[in-house]
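J.: My questions all concern the structure below.
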Amino acid sequence: MDYFFTEEQIMIRDLARQIAEEKVVPVRAELDEKNEYPSEIIKTLAQSDMFALFIPEQYGGLGKGCLELCIAVEELSAACLGVATTFAANALGTYPLLLFGNEMQKNKYLPDIATGKKTVAFGLTEANAGSDAGGIQTTAKLEGNEYVLNGTKQWITNGGEADIYTIIAMTDKTKGPRGASAFVVEKGVPGFTFGKKEDKMGIRASATRELIFDNCRIPKENLIAKEGVGFLVAMKTLDQARAGVAAQGVGLAQGAFNEAVSFARKRVQFGHPIISFQAIQHMLADMAIQIEAARALTYAVARFIDSGAKDVSKESAMAKTLATDVAMKVTTDAVQVMGGAGYMKEYPVEKMMRDAKILQIYEGTNQIQRNVIGQAIIKEAVKNKG
Ligand code: COS
C-alpha cells in the first residue's frame with residue numbers, strides 16, 4: 001500500500017529500517033535475555049539524528065512531526081519492541097516540555113534532547129495511580145524559591161537511565177486532578193534516587209525503575225506551565241504519545257508477520273511447504289488485513305495530530321487500541337503458524353508475543369482507551385443533540 005510519503009519520510013523509514021536490521025536484530029535476543037539497556041543502539045540513533053526528528057528547528061531539531069516519529073518507531077518495533085519503547089518513551093517524556101514548556105525551559109533542555117546527549121523519562125504512574133491517573137500522591141511544596149518533592153513514581157520507562165524527568169505531582173491535594181502540576185527534574189539532584197530495575201515479561205531491553213523523591217529540592221523555575229495544570233499536561237502528553245504506541249503495535253505485528261511468512265514458506269509437512277495450505281493462508285490473510293487497517297489508522301491519526309488539531313484524544317485512543325490489540329493477536333498467531341518452533345527462543349516470535357502484551361497495558365490500558373472513546377462519543381452526541 002502506498003501511503004504517499006514524502007522523499008524525506010522515505011529516507012527516515014529507510015534509515016530506521018537499516019539501523020533496526022543492522023544494529024538491533026543481531027543483539028535483540030541477548031538484550032532480552034540479559035534484561036540489558038541498549039546503550040550502543042541509543043548512541044547510533046542519536047548519531048543518526050533520530051532523537052532530533054520531532055524537536056522544532058529553533059531548538060536544534062529537524063522540525064518533523066508525529067508521522068515521522070511514528071515511521072521511525074514502527075521500524076524499530078519490527079525488530080525489537082524493547083528498543084522501540086526506550087526510544088518512544090523519550091518522546092513521551094519530552095512532550096510536556098514541547099507542549100507546555102516556556103522559552104527558557106525549551107532553550108535549556110530541547111537542544112540536548114535533539115542530539116540525544118540527554119534522554120528523557122515521563123513520571124506519572126504511582127502504586128495507587130495507574131488507570132486512575134488523578135490519584136497521584138507525590139507532592140510538590142513551594143518553599144521560598146524551591147519546590148520540595150516527596151513521593152515515589154512506579155514502573156517508569158527509562159527510569160535511572162534518563163537524564164531528564166518530567167514529573168506530575170500534587171501542589172494542592174484538596175483540589176483533586178486540578179491540584180496537580182508538572183515539573184522537570186534532572187538526574188543527580190539530591191533527594192532523587194531510583195529503585196531496583198524491574199524484571200519484566202517483555203520489552204526487557206527497556207529499563208523500568210521507581211523514581212524516589214525524598215525532600216528533593218528543585219528550583220521553582222522547573223515548574224512547567226503553572227500550578228494546577230499538571231493533569232492537563234499529562235493528558236495532552238498521552239494524547240500525542242498514544243499515536244506512537246499505535247506505531248509500536250503496527251511495527252511489532254509486521255515483524256511477527258514477516259517471520260511467520262518466511263517460516264511457512266520453508267516448513268514442509270505432508271510433502272508441501274505449509275504456506276500452500278489454506279488453513280495457514282487464511283491465518284496469514286487475517287494477519288495482513290489487521291496490520292494494514294491498523295497502519296492506515298495510525299498514519300491517519302498521526303497526520304491529524306500534525307495538522308494541529310486541538311483535540312485528538314478520541315482518535316489517538318482509537319489508533320492505540322486497534323493497533324495494540326492487533327499486535328497481540330498477530331504475534332500470537334505468528335507463534336501458532338510456526339507451531340513448536342514459534343514457542344522456542346531460537347525464533348524471535350516468542351519474544352514478540354511476550355513483548356506485545358505491554359502495548360495493551362501501558363500509556364493507558366485498552367479498557368481506559370475505550371472509556372476515553374466512549375466519553376468522546378457522549379460529548380459529541382450532546383453537542384449534536386443526537
Ligand atoms: N485533554 C484535555 N483535558 C482532559 C483530557 C484530555 N485528553 N482528559 C481529561 N481531561 C480533563 C477533563 O475534561 C476534566 O476536566 P474538568 O475537571 O475541567 O472537568 C479533568 O481533566 C479530569 O478528567 P476526568 O474526570 O475524565 O478524569 P478521570 O480522573 O476520570 O480520568 C482518564 C479519566 C481516562 C482521563 C484517566 O484516568 C486516564 O487517562 N487514565 C490512564 C492514565 C494513563 O495513561 N496512565 C499511563 C501512565 S503513563 S505510561
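Starting from 1 in every chain, residues are counted up; chains themselves are A, B, ... following the order of the C-alpha cells, and ligands are numbered from 1 as listed.
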Please provide as number ranges by chain all residues within 12 Å of Ile368 in chain A, with the sequence filter that same-chain residues fewer than 6 positions apart are discarded (counting only C-alpha atoms).
T.: A: 130-133, 313-314, 317-318, 320-321, 360-362, 374-375
J.: Among range 33-119 of chain A, which residues does DSSP mark as alpha helix (DSSP H) when it is run on the backbone? Keep the chain and numbering as in the structure and answer as a ChimeraX atom specification.
T.: /A:33-34,39-47,66-79,81-100,103-115
J.: Sort by chain and increasing residue number a table of all residues of chain A within 10 Å of ligand 1, each with its closest pair of atoms and their distance in Å to one decimal, counting only C-alpha atoms and all ligand atoms, and write it as a tab-separated table.
T.:
```
residue	atom	partner	partner_atom_place_in_ligand_line	distance
A:Ala89	CA	ligand 1	49 (S)	8.3
A:Leu92	CA	ligand 1	49 (S)	8.2
A:Gly93	CA	ligand 1	48 (S)	9.5
A:Ala121	CA	ligand 1	49 (S)	9.8
A:Phe122	CA	ligand 1	48 (S)	7.1
A:Gly123	CA	ligand 1	48 (S)	7.2
A:Leu124	CA	ligand 1	48 (S)	5.6
A:Thr125	CA	ligand 1	47 (C)	5.1
A:Glu126	CA	ligand 1	47 (C)	8.7
A:Ala129	CA	ligand 1	45 (N)	8.0
A:Gly130	CA	ligand 1	45 (N)	5.4
A:Ser131	CA	ligand 1	41 (C)	4.2
A:Asp132	CA	ligand 1	37 (O)	4.4
A:Ala133	CA	ligand 1	42 (C)	4.9
A:Gly134	CA	ligand 1	29 (O)	4.9
A:Gly135	CA	ligand 1	29 (O)	7.5
A:Gln154	CA	ligand 1	47 (C)	9.6
A:Trp155	CA	ligand 1	49 (S)	8.4
A:Ile156	CA	ligand 1	49 (S)	7.5
A:Thr157	CA	ligand 1	49 (S)	7.8
A:Lys175	CA	ligand 1	17 (O)	9.7
A:Gly176	CA	ligand 1	29 (O)	8.6
A:Pro177	CA	ligand 1	22 (C)	6.1
A:Arg178	CA	ligand 1	17 (O)	6.5
A:Val229	CA	ligand 1	21 (O)	9.1
A:Gly230	CA	ligand 1	21 (O)	9.6
A:Phe231	CA	ligand 1	21 (O)	6.3
A:Leu232	CA	ligand 1	3 (N)	5.2
A:Val233	CA	ligand 1	2 (C)	8.1
A:Ala234	CA	ligand 1	48 (S)	8.0
A:Met235	CA	ligand 1	7 (N)	4.4
A:Lys236	CA	ligand 1	1 (N)	5.2
A:Thr237	CA	ligand 1	7 (N)	8.3
A:Leu238	CA	ligand 1	44 (O)	6.3
A:Asp239	CA	ligand 1	7 (N)	5.9
A:Gln240	CA	ligand 1	7 (N)	9.4
A:Ala241	CA	ligand 1	49 (S)	9.2
A:Arg242	CA	ligand 1	44 (O)	8.7
A:Lys310	CA	ligand 1	1 (N)	9.2
A:Asp311	CA	ligand 1	1 (N)	6.9
A:Val312	CA	ligand 1	7 (N)	7.6
A:Ser313	CA	ligand 1	7 (N)	5.0
A:Lys314	CA	ligand 1	7 (N)	8.2
A:Ser316	CA	ligand 1	7 (N)	9.7
A:Ala317	CA	ligand 1	7 (N)	9.5
A:Ile361	CA	ligand 1	46 (C)	8.1
A:Tyr362	CA	ligand 1	49 (S)	5.1
A:Glu363	CA	ligand 1	49 (S)	3.7
A:Gly364	CA	ligand 1	44 (O)	3.2
A:Thr365	CA	ligand 1	41 (C)	6.8
A:Asn366	CA	ligand 1	41 (C)	9.3
A:Gln367	CA	ligand 1	34 (C)	9.3
A:Ile368	CA	ligand 1	34 (C)	5.5
A:Gln369	CA	ligand 1	34 (C)	7.0
A:Arg370	CA	ligand 1	34 (C)	8.8
A:Asn371	CA	ligand 1	34 (C)	6.3
A:Val372	CA	ligand 1	34 (C)	5.4
A:Ile373	CA	ligand 1	34 (C)	9.2
A:Gln375	CA	ligand 1	26 (O)	8.0
A:Ala376	CA	ligand 1	7 (N)	9.8
```
J.: Could you write out, as a PyMOL selection string, all the residues of range 12-134 of chain A that DSSP marks as strand (DSSP E)?
T.: chain A and resi 120-123
J.: Find the residues near range 39-46 of chain A: any atom within 10 Å, counting only C-alpha atoms, skip ones fewer than 4 places away on the same chain, and give them as number ranges by chain.
T.: A: 15-16, 19-20, 23-24, 27, 50-52, 83, 86-87, 113-119, 161, 205
J.: Write a file of the just-selected residues containing C-alpha atoms, as a compact mmCIF listing (two decimals), in the first residue's frame.
T.:
```txt
# COMPACT_ATOMS: atom_id res chain seq x y z
CA LEU A 15 17.42 4.79 7.78
CA ALA A 16 15.40 3.49 10.75
CA ILE A 19 19.52 0.62 11.97
CA ALA A 20 16.88 -1.93 13.01
CA LYS A 23 22.17 -2.92 14.87
CA VAL A 24 19.04 -4.19 16.61
CA VAL A 27 21.50 -8.25 19.58
CA MET A 50 16.59 10.12 15.25
CA PHE A 51 16.14 12.00 18.54
CA ALA A 52 16.00 15.28 16.60
CA VAL A 83 14.48 -0.84 21.95
CA THR A 86 13.22 3.11 25.05
CA PHE A 87 13.16 5.45 22.05
CA ILE A 113 17.37 16.09 23.74
CA ALA A 114 17.59 16.68 19.98
CA THR A 115 21.20 15.49 19.83
CA GLY A 116 20.47 12.53 22.10
CA LYS A 117 23.09 13.83 24.57
CA LYS A 118 20.35 13.71 27.19
CA THR A 119 17.43 11.31 27.30
CA GLU A 161 18.88 5.73 32.54
CA ALA A 205 15.74 -4.20 26.74
```
J.: Hey, what's within 10 Å of Ile203 in chain A if we count only C-alpha atoms and toss same-chain stuff fewer than 5 positions away? As a list in words, please?
T.: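 Here the qualifying residues turn out to be Leu31, Asp32, Asn35, Cys80, Leu81, Gly82, Val83, Ala84, Thr85, Thr86, Thr208, Lys351, Met352, Arg354, Asp355, Ala356, Lys357, Ile358 and Leu359 of chain A.
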J.: Give me the residues near Ile212 in chain A as a PyMOL selection string, where near means some atom within 12 Å (using only C-alpha atoms) and where sequence neighbours in that chain fewer than 2 positions away do not count.
T.: chain A and resi 123+126+138-139+149-156+159-160+165+167+185+187+189-196+209-210+214-216
J.: Considering only C-alpha atoms, return as a compact mmCIF listing (two decimals) with N, CA, C and O atoms, in the first residue's frame whatever protein or nucleic-acid residues lie within 9 Å of Asp172 in chain A, sequence-local ones (same chain, fewer than 4 positions apart) excluded.
T.:
```
# COMPACT_ATOMS: atom_id res chain seq x y z
N THR A 139 3.94 14.71 46.24
CA THR A 139 3.64 16.13 46.47
C THR A 139 4.81 17.02 46.07
O THR A 139 5.97 16.59 46.06
N ALA A 140 4.48 18.25 45.73
CA ALA A 140 5.49 19.28 45.46
C ALA A 140 5.05 20.53 46.23
O ALA A 140 3.98 21.07 45.96
N LYS A 141 5.89 20.91 47.21
CA LYS A 141 5.50 22.03 48.07
C LYS A 141 6.46 23.19 47.83
O LYS A 141 7.68 23.01 47.87
N GLY A 176 -7.95 17.68 43.93
CA GLY A 176 -8.04 16.53 43.02
C GLY A 176 -7.17 16.76 41.79
O GLY A 176 -6.12 17.42 41.90
N ARG A 178 -7.23 18.85 39.58
CA ARG A 178 -6.90 20.26 39.36
C ARG A 178 -5.84 20.79 40.32
O ARG A 178 -5.44 21.96 40.22
N GLY A 179 -5.37 19.92 41.21
CA GLY A 179 -4.30 20.32 42.12
C GLY A 179 -2.97 19.72 41.71
O GLY A 179 -1.99 19.78 42.45
N ALA A 180 -2.92 19.13 40.50
CA ALA A 180 -1.66 18.52 40.03
C ALA A 180 -0.86 19.52 39.21
O ALA A 180 -1.43 20.40 38.55
N SER A 181 0.46 19.38 39.26
CA SER A 181 1.34 20.27 38.49
C SER A 181 2.46 19.44 37.86
O SER A 181 2.75 18.34 38.33
N GLU A 227 0.93 26.14 38.21
CA GLU A 227 0.35 25.20 39.16
C GLU A 227 -1.09 24.87 38.77
O GLU A 227 -1.82 25.74 38.29
N GLY A 228 -1.46 23.60 38.93
CA GLY A 228 -2.86 23.22 38.72
C GLY A 228 -3.16 22.65 37.34
O GLY A 228 -4.25 22.12 37.13
```
J.: Report as a ChimeraX atom specification all protein, DNA and RNA residues lying within 9 Å of range 278-285 of chain A, evaluated on only C-alpha atoms, omitting residues in the same chain fewer than 2 positions from it.
T.: /A:257,260-261,264,274-276,287-290,330,333-334,337
J.: Write to file, as a short mmCIF file (atom, residue, chain, number, x, y, z; two decimals), in the first residue's frame, the residues of the selection just made, with all heavy atoms.
T.:
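Output contents, as saved in result09.cif:
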```
data_model
loop_
_atom_site.label_atom_id
_atom_site.label_comp_id
_atom_site.auth_asym_id
_atom_site.auth_seq_id
_atom_site.Cartn_x
_atom_site.Cartn_y
_atom_site.Cartn_z
N PHE A 257 4.67 -10.99 11.58
CA PHE A 257 4.07 -11.47 10.33
C PHE A 257 5.18 -11.90 9.35
O PHE A 257 5.10 -12.98 8.75
CB PHE A 257 3.21 -10.36 9.71
CG PHE A 257 2.63 -10.68 8.37
CD1 PHE A 257 1.52 -11.50 8.26
CD2 PHE A 257 3.19 -10.16 7.21
CE1 PHE A 257 0.97 -11.80 7.02
CE2 PHE A 257 2.66 -10.46 5.96
CZ PHE A 257 1.55 -11.28 5.87
N ALA A 260 6.55 -15.18 10.30
CA ALA A 260 5.60 -16.28 10.06
C ALA A 260 5.57 -16.66 8.58
O ALA A 260 5.56 -17.84 8.23
CB ALA A 260 4.21 -15.89 10.55
N VAL A 261 5.56 -15.65 7.71
CA VAL A 261 5.53 -15.91 6.27
C VAL A 261 6.80 -16.65 5.85
O VAL A 261 6.75 -17.66 5.13
CB VAL A 261 5.38 -14.59 5.46
CG1 VAL A 261 5.58 -14.84 3.97
CG2 VAL A 261 4.01 -13.96 5.72
N ALA A 264 6.72 -20.20 7.08
CA ALA A 264 5.70 -21.04 6.42
C ALA A 264 6.11 -21.43 5.00
O ALA A 264 5.66 -22.44 4.47
CB ALA A 264 4.36 -20.30 6.40
N ILE A 274 4.14 -25.43 4.29
CA ILE A 274 2.84 -25.22 4.96
C ILE A 274 2.10 -23.99 4.45
O ILE A 274 0.90 -23.88 4.61
CB ILE A 274 2.96 -25.20 6.51
CG1 ILE A 274 3.85 -24.05 6.99
CG2 ILE A 274 3.44 -26.55 7.03
CD1 ILE A 274 3.79 -23.82 8.51
N ILE A 275 2.83 -23.08 3.78
CA ILE A 275 2.15 -21.87 3.26
C ILE A 275 1.18 -22.26 2.12
O ILE A 275 0.29 -21.49 1.77
CB ILE A 275 3.17 -20.80 2.79
CG1 ILE A 275 2.49 -19.42 2.77
CG2 ILE A 275 3.79 -21.14 1.42
CD1 ILE A 275 3.42 -18.25 2.75
N SER A 276 1.34 -23.46 1.56
CA SER A 276 0.43 -23.86 0.48
C SER A 276 -0.92 -24.34 1.03
O SER A 276 -1.87 -24.53 0.29
CB SER A 276 1.06 -24.97 -0.37
OG SER A 276 1.21 -26.13 0.42
N MET A 287 -4.03 -11.82 9.37
CA MET A 287 -2.96 -11.02 9.99
C MET A 287 -2.66 -9.80 9.12
O MET A 287 -2.56 -8.67 9.60
CB MET A 287 -1.69 -11.88 10.16
CG MET A 287 -1.84 -12.96 11.23
SD MET A 287 -0.74 -14.37 10.97
CE MET A 287 0.79 -13.80 11.68
N ALA A 288 -2.55 -10.03 7.80
CA ALA A 288 -2.21 -8.93 6.88
C ALA A 288 -3.31 -7.86 6.87
O ALA A 288 -3.03 -6.65 6.86
CB ALA A 288 -2.00 -9.49 5.47
N ILE A 289 -4.58 -8.30 6.89
CA ILE A 289 -5.70 -7.34 6.89
C ILE A 289 -5.63 -6.46 8.13
O ILE A 289 -5.75 -5.23 8.06
CB ILE A 289 -7.07 -8.09 6.88
CG1 ILE A 289 -7.27 -8.87 5.58
CG2 ILE A 289 -8.22 -7.11 7.10
CD1 ILE A 289 -8.43 -9.89 5.65
N GLN A 290 -5.43 -7.10 9.27
CA GLN A 290 -5.42 -6.35 10.54
C GLN A 290 -4.25 -5.37 10.60
O GLN A 290 -4.39 -4.24 11.06
CB GLN A 290 -5.33 -7.33 11.72
CG GLN A 290 -6.57 -8.19 11.89
CD GLN A 290 -6.31 -9.30 12.90
OE1 GLN A 290 -6.25 -9.05 14.11
NE2 GLN A 290 -6.12 -10.51 12.44
N VAL A 330 -1.76 -10.72 16.31
CA VAL A 330 -0.86 -11.15 15.22
C VAL A 330 0.37 -11.88 15.77
O VAL A 330 0.79 -12.89 15.20
CB VAL A 330 -0.46 -9.94 14.34
CG1 VAL A 330 0.70 -10.29 13.41
CG2 VAL A 330 -1.66 -9.45 13.54
N ASP A 333 -0.76 -15.30 16.72
CA ASP A 333 -0.98 -16.13 15.53
C ASP A 333 0.34 -16.49 14.83
O ASP A 333 0.44 -17.55 14.22
CB ASP A 333 -1.93 -15.42 14.56
CG ASP A 333 -3.37 -15.45 15.07
OD1 ASP A 333 -3.63 -16.19 16.04
OD2 ASP A 333 -4.22 -14.73 14.52
N ALA A 334 1.32 -15.61 14.93
CA ALA A 334 2.63 -15.92 14.33
C ALA A 334 3.23 -17.13 15.04
O ALA A 334 3.79 -18.03 14.41
CB ALA A 334 3.56 -14.72 14.42
N VAL A 337 1.27 -20.17 13.75
CA VAL A 337 1.68 -20.59 12.40
C VAL A 337 2.99 -21.38 12.48
O VAL A 337 3.18 -22.37 11.78
CB VAL A 337 1.85 -19.36 11.47
CG1 VAL A 337 2.61 -19.72 10.19
CG2 VAL A 337 0.49 -18.75 11.13
#
```
J.: Rounded to one decimal, what separation in Å do you get between CA of Val120 in chain A and CA of Phe100 in chain A?
T.: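 For CA of Val120 in chain A relative to CA of Phe100 in chain A, the distance reads 15.6 Å.
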J.: For a test of reading the model, state the distance in Å between CA of Ala225 in chain A and CA of Asn90 in chain A, rounded to one decimal.
T.: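 Between CA of Ala225 in chain A and CA of Asn90 in chain A the gap works out to 20.0 Å.
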J.: Using only C-alpha atoms, find the one residue out of A:Ser262, A:Ser307, A:Arg204, A:Ile10 that sits nearest to Glu30 in chain A.
T.: A:Arg204
J.: What is the CA of Leu98 in chain A-CA of Ala243 in chain A distance in Å, reported with one decimal?
T.: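 Computed distance, CA of Leu98 in chain A to CA of Ala243 in chain A, equals 16.2 Å.
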